[in-house]
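Working notes for the structure below.
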Amino acid sequence: MALYEGRGMASVNYPIGMNLGGDPSQALIHSNPDGKFTVALSAIDLGQGMKQVSRQIAAETLGVPIEDVYVDTADSDTGPHDMGSFASRGTHRMGNAVIAAAREARGVLLEAAAEELEVSADDLVTDGRGNIHVRGAPSRSITVKATALAAQFKQGRTIAGRGIFLIPLSAVDAETGEMNPNTAFAHACLVADVSVDDETGEVTVLRMTSAYELGRVINPRMVEQQLAGGAWMGISHALYETPEPYYPDPEHGPRDFNEYLMPGPGDIAPYHVTVLERPAPDGPFGGKGPGEMCANPVLPAIANAIYNAVGVRVDELPMTPEKILRGIKANGGVRPQPRRGGPANWR
Amino acid sequence: MAKHPVQFRLNGSDRATFVDGAENLLNTLRRGLGDFAPKYGCGQGTCGVCTVLVDGEPHLSCLTLAVACEGRHVETASGMADGPDFHPLQAAFMDHFAAQCGFCTPGMLTAARALLAKNPNPTRDEVVEAISGNICRCTGYEPIIAAILAAAGSSGARRA
Amino acid sequence: MLEMRKDLFADERDDNLNEVGKGSQRQDMPGHVTARTRFFDDHAFDGLLHLKVVRSPHAHARIRSIDIAAAARAPGVKRVLRGADVPVNKNTLLSLINFGKDDEPTLAVSKVCYKGEPVVAIIADTEAQAHAARKLVRVEYEPLKPVFDVEEALKPGAPVVNETYPGNYFEYHERFDHQKLRFGDVDAAFARADQVVEARYQMSPIEHAPTETNGTIAAPEHNDRYVVHSCAQGLFFSLGTTAKILNLESNRLHFIGGTVGGGFGGKVDSLTEPLAVLGAMLTGRPVRYVLDREEEMLTGSPRGAERIYVKDGVMRDGRIVARHIRSYFDAGAYTRLSSYAAIKCTAHIPGPYSIPNVSSDVYVAYTNRCPSTAMRGFGVTAVDFAIEVHMDRVAEAVNMDPMELRILNAYRDGDMKAHRRVAKNTALIECVQVAAEKAGWPLSDTARRQTSVASGGAGERGQIPATVIDQRGQIGRPDTRTGGPTQTLPAGTTRIALSKEPVMEGARDGRAAPTQVPRYEPAPRHEPARAQPPAYAPQPAPPAPSYQPASPPPAPPAPAPSPAHTQHGAVRFSSVFGTRRR
Ligand code: FES
Ligand code: FES
């Protein structure tokens, strides 16, 4: 038996939001009398971090500290309509709706503060720490809390805002496929290093190195979560997962986690990601959305690395030991390809 | 259907309830006693989201008969924090962003808690072993492993 | 493991933000680690009933009879539901946005089209009683011949899977058996190419396998309303679907969710909501319907398999001059979202490359397997696998480094894409350059000098070419699978109006505004403006911590005063507020 190492790469882009548009999101924001804000949505957090992304965007736009914003989602009685959390649309679509709502609420907040300070609202700025003051004159200031109290009990104003974001639905031409699909795209390139055992056909992913361009990163820790979890899922899709191992034959399918294979905590590969930020012209603060694309380059990069290692093209997923051994046999033995580059430039 | 009385300590408090003879501990905790920390993920012992401690040992509550816990001490993730203070594992999971959807988290924390109680300075391999019955579909495991090692104050490099 | 390259595209950003860009703690994290986070199933109800369904053991069969009498009399059983109990027992998910015909029953009535299709629902006091009563339901089936292969399903004489679509394909534009993409003249380009590279790729179905299975608890509220604890990935999508199937006004449903134990696309289909609410309506009690793991694995709609044929025409120097893709989405027995995925796939072709002649034919085929649905990367993951393995093949065919081949063919700002829209805000080249550098994969000087920002759209790259079109696959024509070109559209032809694009004030030339946010005082640090960093810096970036929160080391260039700046850098969307168009 021998282990053969190989290296492969893939580069991809990914559309952000529902193809063709027609997928609105709404947000409502209001302040309590102490200047603490609630963002009401019907967006779904299924682990991707929708609540925190909306919270950061709302705090940034309102100009208040993050602790003073709470995101309440999802209750159909209080949260306005949103299409849902899929198609990498959450950050982009809902983020923009939250910005619109927060801008409106901020406008009222500044008007209320202007009335208290007896200045024009246009001359006011926030410091992001809970204060509003006259531009260039930090001593002429009022807290957000005092402003909200005044608005509620003295001025009779609601510090609140509504936001919607919609890209109207586009048609598709039947003969040419012409359409207006998406306005924002994220990008990635990934290099996978693998070793292949020519006796068992088993593939081990040794390490992965990638670069992702995701527009403005709203929260780098959550981006890291998505990219790391997605890369794991990519390895899993590439090498293990299938409910129909002999598709299209429907037999021999797994029924539970004993039979449905996924890499465990002992099977993970060291991974390095570099993140680039080219802001989307229509994204919230330029944000795109990394949630879905992060498994995509892993599958072909591993396939190409296996070819580089042993000269077998596995064009059917998943790339099981059985398929690799059959490929080696059909080729009359392993056929290692020229090595690509030297050691990785990290760790 | 005949019900059986069962009494055990749950996170330090004495609790009593009636269960069906074949009822599993997971169902008793969730539907009988209102402790929703252990989750249902498979009911077959293959995912670990239902992990609890029985007398300090990790058990899959979906495969544990409630009546078998008579007189024992059952601990779930609900009881990990010391009043308002996070358990070191909880704090480490937060610092390492070791949860996304959070569905596997109570079971992961409980498996890790059992490990550290026995082995306060585990190697990386020992951590991997301890959580190998717990499935996480979101994180890719690395932040979870890092969090457990950090909570132990361990680099994970000790030779076993 | 995460490193930020703040130097790239720095002139397109203002990094002087307070909260955005920081690695602040997730709002939901304290709840997760204390186990106080409440998922749909973490709600106590007095008198909770449990719903379980009887599923088809056959992949394809006619239902002769259903006898529920014994089950209805079984201990603890409160109610047994059949198709006739479902007010609107035919739906298609995208009917909410007016796309596709209703084709899927909630409970099968006259025939079953996949193994595991729900036929009868049982509501009982305990899960064990519901399970036991399942065995007492007698369904008499007459097995029919199934079809499992997408290309077999499209052949004349194949068994009809889904009677709403008797040709076993989704009907596009009510005219074609597939969705077309036509850009330029691929056949002429293949004829002139130095080499033609062809291959077939097969994506496997994949299970979402979230740790939390699909489920719902529905309970009568007051005022004739029902509260629904749902795991849906789209709260109103599920509410709308449930309201339609149960023929209810939407304000009689109070959906609560938003905190979901993983989805990955597997919780878009409203698999459990309608029956749970129907159960609550008919029993007047709270009803819980949760899939067990085996049901989730076998019948909880997977990522659909796709078969993809790629054919590239390539010149000796590595330029790809033509790409044709023929692809088959395996929808399983019903449409769900596959029809949408095929269009998204079409929009994605030919991948992030600038290729002057492109065509594709994407089919949605029905087979006798569990209906497939959205999954992470829907419509794109499989075609990316095919395209990127194919790029490796092409690189080998022309004896070129695969990274260099990507950069040579990469799309850039200003290039015309195959769906006839101009590429903007591209960054593929930079990703390849950075990944190569980090991986220790050497690139030529030429490749390292390339950029996404410049030299795109030059000459033909920015034009819509004269395009050959055909009527192949037209529904109802005898020679429907074949047929040559019928017409050539002149260069520059477009037939679909641009949609109103939301315009962020201050954004220009497809670039983000330097500042789209409220300004903060104290004013940004007054550092001397630096020379603009090159788009690609060949030197390794300074060593970075595993992630970099605030204060990036390279200070961004001082933002130029923007003339289009409104107060607080207003963000307005012309399509919504009708304020301002570019
Ligand atoms: S629910 Fe107990 S192991 Fe999965
Ligand atoms: S965080 Fe979602 S399963 Fe682990």
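Residues are referred to by chain and number: the chain letter is A, B, ... according to the order shown in the structure tokens, the number counts from 1 in that chain, and ligands are numbered separately from 1 in the order shown.
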What are the nearest atom pairs, with distances in Å to one decimal, for all residues of chain C that come at most 10 Å from ligand 2, using only C-alpha atoms and all ligand atoms, set out by chain and rising residue number as a tab-separated table?
```
residue	atom	partner	partner_atom_place_in_ligand_line	distance
C:His32	CA	ligand 2	1 (S)	8.9
C:Ala209	CA	ligand 2	3 (S)	9.5
C:Pro210	CA	ligand 2	3 (S)	6.7
C:Thr211	CA	ligand 2	3 (S)	5.3
C:Glu212	CA	ligand 2	3 (S)	7.8
C:Val260	CA	ligand 2	2 (Fe)	8.9
C:Gly261	CA	ligand 2	2 (Fe)	5.9
C:Gly262	CA	ligand 2	2 (Fe)	5.5
C:Gly263	CA	ligand 2	2 (Fe)	9.0
```
Write the residues of the selection above to a file with C-alpha atoms, as an mmCIF file, in the first residue's frame.
```cif
data_model
loop_
_atom_site.group_PDB
_atom_site.id
_atom_site.type_symbol
_atom_site.label_atom_id
_atom_site.label_comp_id
_atom_site.auth_asym_id
_atom_site.auth_seq_id
_atom_site.Cartn_x
_atom_site.Cartn_y
_atom_site.Cartn_z
ATOM 1 C CA HIS C 32 -27.561 28.466 23.507
ATOM 2 C CA ALA C 209 -29.574 16.130 8.313
ATOM 3 C CA PRO C 210 -30.109 19.061 10.678
ATOM 4 C CA THR C 211 -29.752 17.876 14.272
ATOM 5 C CA GLU C 212 -33.318 19.087 14.909
ATOM 6 C CA VAL C 260 -34.319 26.752 14.276
ATOM 7 C CA GLY C 261 -31.978 23.831 14.968
ATOM 8 C CA GLY C 262 -30.304 23.900 11.576
ATOM 9 C CA GLY C 263 -32.070 23.893 8.248
#
```
Requested in this report: Please identify every residue of chain A that has at least one atom no more than 6 Å from any atom of chain B, counting only C-alpha atoms, and report them as a ChimeraX atom specification.
Outcome: /A:46-47,229,232,257,265-266
Requested in this report: Residues of chain C near chain B: apply a cut-off of 9 Å, count only C-alpha atoms, and supply the list as a PyMOL selection string.
Outcome: chain C and resi 25-26+28-39+41-45+208-213+259-263+292-294
Requested in this report: Please determine the contact residues of chain A with respect to chain C at a cut-off of 6 Å, counting only C-alpha atoms, and supply them as JSON, numbers by chain.
Outcome: {"A": [10, 13, 19, 44, 45, 46, 52, 56, 60, 73, 74, 75, 76, 83, 84, 85, 127, 175, 176, 177, 178, 179, 187, 188, 189, 209, 210, 211, 217, 218, 219, 220, 221, 242, 248, 255, 256, 272, 273, 274, 275, 276, 278, 279, 280, 281, 282, 292, 293, 296, 300, 315, 316, 317, 341, 342, 343, 344, 345]}
Requested in this report: Per DSSP on the backbone, filter segment 121-274 of chain A down to the residues in strand (DSSP E or B) and report them as number ranges by chain.
Outcome: A: 124-126, 131-134, 137-143, 160-165, 172, 179, 185-197, 203-213, 215, 271-274
Since we have the selection now, will you write its residues out, keeping N, CA and C atoms, as a short mmCIF file (atom, residue, chain, number, x, y, z; two decimals), in the first residue's frame?
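New file out25.cif:
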```
data_model
loop_
_atom_site.label_atom_id
_atom_site.label_comp_id
_atom_site.auth_asym_id
_atom_site.auth_seq_id
_atom_site.Cartn_x
_atom_site.Cartn_y
_atom_site.Cartn_z
N LEU A 124 -26.98 67.60 14.11
CA LEU A 124 -26.72 66.65 15.19
C LEU A 124 -26.02 65.39 14.69
N VAL A 125 -25.19 64.84 15.56
CA VAL A 125 -24.54 63.56 15.27
C VAL A 125 -24.66 62.68 16.52
N THR A 126 -24.51 61.38 16.29
CA THR A 126 -24.48 60.45 17.41
C THR A 126 -23.03 60.01 17.63
N ASN A 131 -25.00 58.94 23.09
CA ASN A 131 -25.15 60.40 23.18
C ASN A 131 -25.40 61.00 21.80
N ILE A 132 -26.09 62.12 21.81
CA ILE A 132 -26.33 62.89 20.60
C ILE A 132 -25.78 64.29 20.89
N HIS A 133 -24.99 64.83 19.96
CA HIS A 133 -24.50 66.18 20.23
C HIS A 133 -24.39 66.99 18.94
N VAL A 134 -24.18 68.26 19.15
CA VAL A 134 -24.07 69.17 18.01
C VAL A 134 -22.73 68.91 17.33
N ALA A 137 -19.40 70.25 18.47
CA ALA A 137 -19.51 70.83 19.81
C ALA A 137 -19.99 69.77 20.78
N PRO A 138 -19.12 68.85 21.13
CA PRO A 138 -19.53 67.70 21.94
C PRO A 138 -20.15 68.08 23.28
N SER A 139 -19.92 69.29 23.75
CA SER A 139 -20.48 69.65 25.05
C SER A 139 -21.98 69.94 24.95
N ARG A 140 -22.44 70.33 23.77
CA ARG A 140 -23.89 70.55 23.62
C ARG A 140 -24.53 69.22 23.26
N SER A 141 -24.83 68.45 24.27
CA SER A 141 -25.27 67.08 23.99
C SER A 141 -26.44 66.68 24.86
N ILE A 142 -27.08 65.59 24.46
CA ILE A 142 -28.16 64.98 25.23
C ILE A 142 -28.04 63.48 25.04
N THR A 143 -28.40 62.72 26.04
CA THR A 143 -28.30 61.27 25.87
C THR A 143 -29.49 60.76 25.05
N ALA A 160 -39.63 55.59 15.98
CA ALA A 160 -39.87 54.30 15.33
C ALA A 160 -39.56 54.43 13.84
N GLY A 161 -39.36 53.29 13.21
CA GLY A 161 -39.09 53.32 11.78
C GLY A 161 -39.56 52.05 11.11
N ARG A 162 -39.90 52.20 9.81
CA ARG A 162 -40.33 51.07 9.00
C ARG A 162 -39.35 50.91 7.85
N GLY A 163 -39.08 49.68 7.47
CA GLY A 163 -38.19 49.48 6.33
C GLY A 163 -38.64 48.31 5.50
N ILE A 164 -38.44 48.45 4.20
CA ILE A 164 -38.67 47.30 3.31
C ILE A 164 -37.56 47.30 2.28
N PHE A 165 -37.21 46.12 1.82
CA PHE A 165 -36.29 46.02 0.69
C PHE A 165 -36.87 45.04 -0.30
N VAL A 172 -38.17 35.92 -17.36
CA VAL A 172 -37.09 35.20 -18.03
C VAL A 172 -37.52 34.99 -19.47
N MET A 179 -32.39 37.39 -18.39
CA MET A 179 -33.10 37.71 -17.14
C MET A 179 -32.26 38.67 -16.32
N PHE A 185 -22.83 39.43 -6.09
CA PHE A 185 -22.18 38.12 -6.17
C PHE A 185 -20.98 38.08 -5.23
N ALA A 186 -20.82 36.97 -4.54
CA ALA A 186 -19.63 36.74 -3.73
C ALA A 186 -18.71 35.79 -4.51
N HIS A 187 -17.45 35.74 -4.10
CA HIS A 187 -16.45 34.98 -4.87
C HIS A 187 -15.58 34.15 -3.95
N ALA A 188 -14.99 33.08 -4.50
CA ALA A 188 -14.09 32.27 -3.68
C ALA A 188 -13.16 31.45 -4.55
N CYS A 189 -12.01 31.12 -3.97
CA CYS A 189 -11.08 30.17 -4.58
C CYS A 189 -10.54 29.30 -3.46
N LEU A 190 -10.50 28.00 -3.70
CA LEU A 190 -10.07 27.09 -2.64
C LEU A 190 -9.09 26.05 -3.18
N VAL A 191 -8.04 25.80 -2.40
CA VAL A 191 -7.04 24.78 -2.74
C VAL A 191 -7.16 23.67 -1.70
N ALA A 192 -7.26 22.43 -2.18
CA ALA A 192 -7.34 21.29 -1.25
C ALA A 192 -6.12 20.40 -1.45
N ASP A 193 -5.54 19.98 -0.34
CA ASP A 193 -4.46 18.99 -0.37
C ASP A 193 -5.01 17.69 0.21
N VAL A 194 -4.86 16.60 -0.53
CA VAL A 194 -5.40 15.33 -0.06
C VAL A 194 -4.33 14.25 -0.13
N SER A 195 -4.59 13.15 0.57
CA SER A 195 -3.81 11.96 0.29
C SER A 195 -4.78 10.82 0.00
N VAL A 196 -4.37 9.96 -0.92
CA VAL A 196 -5.21 8.85 -1.34
C VAL A 196 -4.46 7.55 -1.10
N ASP A 197 -5.14 6.63 -0.45
CA ASP A 197 -4.55 5.32 -0.19
C ASP A 197 -4.91 4.41 -1.35
N VAL A 203 -9.69 8.58 1.07
CA VAL A 203 -9.15 9.92 0.85
C VAL A 203 -9.09 10.64 2.19
N THR A 204 -7.95 11.26 2.49
CA THR A 204 -7.86 12.12 3.67
C THR A 204 -7.59 13.53 3.19
N VAL A 205 -8.39 14.48 3.65
CA VAL A 205 -8.12 15.88 3.32
C VAL A 205 -7.07 16.38 4.30
N LEU A 206 -5.91 16.75 3.79
CA LEU A 206 -4.79 17.13 4.65
C LEU A 206 -4.91 18.56 5.11
N ARG A 207 -5.26 19.45 4.19
CA ARG A 207 -5.47 20.84 4.57
C ARG A 207 -6.19 21.55 3.42
N MET A 208 -6.79 22.66 3.75
CA MET A 208 -7.45 23.49 2.73
C MET A 208 -7.05 24.94 2.95
N THR A 209 -6.89 25.63 1.83
CA THR A 209 -6.50 27.05 1.86
C THR A 209 -7.45 27.78 0.93
N SER A 210 -8.07 28.84 1.42
CA SER A 210 -9.03 29.49 0.54
C SER A 210 -8.97 31.00 0.67
N ALA A 211 -9.55 31.66 -0.33
CA ALA A 211 -9.78 33.11 -0.26
C ALA A 211 -11.24 33.34 -0.62
N TYR A 212 -11.93 34.10 0.20
CA TYR A 212 -13.35 34.41 -0.03
C TYR A 212 -13.52 35.92 -0.14
N GLU A 213 -14.25 36.35 -1.15
CA GLU A 213 -14.61 37.77 -1.24
C GLU A 213 -16.09 37.83 -0.94
N GLY A 215 -17.93 40.81 0.13
CA GLY A 215 -18.45 42.15 0.40
C GLY A 215 -18.04 42.54 1.81
N TYR A 271 -7.62 24.35 8.21
CA TYR A 271 -8.22 25.18 7.17
C TYR A 271 -7.80 26.62 7.39
N HIS A 272 -7.36 27.28 6.35
CA HIS A 272 -7.02 28.70 6.43
C HIS A 272 -7.84 29.48 5.41
N VAL A 273 -8.48 30.53 5.87
CA VAL A 273 -9.29 31.37 4.97
C VAL A 273 -8.77 32.80 5.01
N THR A 274 -8.62 33.39 3.84
CA THR A 274 -8.36 34.82 3.77
C THR A 274 -9.63 35.47 3.24
#
```
Query - Members of segment 106-305 of chain C assigned alpha helix (DSSP H) by DSSP, as a PyMOL selection string - result: chain C and resi 127-134+150-153+186-192+235-246+273-283+293-299
Report task. With a distance cut-off of 9 Å and only C-alpha atoms, select the neighbouring residues of Pro220 of chain C, excluding the residue or stretch itself and same-chain residues fewer than 6 positions from it, and output the selection as a list in words. Result ->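 These residues fall inside the cut-off: Tyr226, Val227, Val228, Val277, Ala280, Met281, Gly284, Arg285 and Pro286 of chain C.
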Next, the residues of the selection above should be written as a PDB file, in the first residue's frame with N, CA and C atoms.
```
ATOM      1  N   TYR C 226     -55.090  29.995  15.774  1.00  0.00           N
ATOM      2  CA  TYR C 226     -54.225  28.875  16.143  1.00  0.00           C
ATOM      3  C   TYR C 226     -52.805  29.381  16.283  1.00  0.00           C
ATOM      4  N   VAL C 227     -52.163  29.006  17.391  1.00  0.00           N
ATOM      5  CA  VAL C 227     -50.753  29.342  17.543  1.00  0.00           C
ATOM      6  C   VAL C 227     -49.945  28.167  16.996  1.00  0.00           C
ATOM      7  N   VAL C 228     -48.899  28.473  16.248  1.00  0.00           N
ATOM      8  CA  VAL C 228     -48.131  27.434  15.569  1.00  0.00           C
ATOM      9  C   VAL C 228     -46.654  27.635  15.863  1.00  0.00           C
ATOM     10  N   VAL C 277     -51.747  21.879  12.161  1.00  0.00           N
ATOM     11  CA  VAL C 277     -52.818  22.861  12.376  1.00  0.00           C
ATOM     12  C   VAL C 277     -54.178  22.211  12.105  1.00  0.00           C
ATOM     13  N   ALA C 280     -55.142  20.315  15.091  1.00  0.00           N
ATOM     14  CA  ALA C 280     -55.596  21.180  16.187  1.00  0.00           C
ATOM     15  C   ALA C 280     -57.006  21.693  15.917  1.00  0.00           C
ATOM     16  N   MET C 281     -57.307  21.977  14.647  1.00  0.00           N
ATOM     17  CA  MET C 281     -58.641  22.465  14.304  1.00  0.00           C
ATOM     18  C   MET C 281     -59.686  21.386  14.549  1.00  0.00           C
ATOM     19  N   GLY C 284     -59.510  20.290  18.531  1.00  0.00           N
ATOM     20  CA  GLY C 284     -59.610  21.338  19.538  1.00  0.00           C
ATOM     21  C   GLY C 284     -58.523  21.232  20.603  1.00  0.00           C
ATOM     22  N   ARG C 285     -57.475  20.485  20.315  1.00  0.00           N
ATOM     23  CA  ARG C 285     -56.404  20.267  21.286  1.00  0.00           C
ATOM     24  C   ARG C 285     -55.058  20.614  20.631  1.00  0.00           C
ATOM     25  N   PRO C 286     -54.025  20.847  21.460  1.00  0.00           N
ATOM     26  CA  PRO C 286     -52.698  21.052  20.879  1.00  0.00           C
ATOM     27  C   PRO C 286     -52.205  19.771  20.206  1.00  0.00           C
TER      28      PRO C 286
END
```
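For Tyr240 of chain A, the non-local neighbours within 6 Å, defined as residues at least 5 positions apart in the same chain or in other chains and counting only C-alpha atoms, are Leu261, Met262 and Pro318 of chain A.
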Query raised in the report: Between B:Leu63, B:Leu25, B:Ala16, B:Val54, which has the minimum distance to ligand 1 (counting only C-alpha atoms and all ligand atoms)?
Result: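 Using only C-alpha atoms and all ligand atoms, ligand 1 sits closest to B:Leu63.
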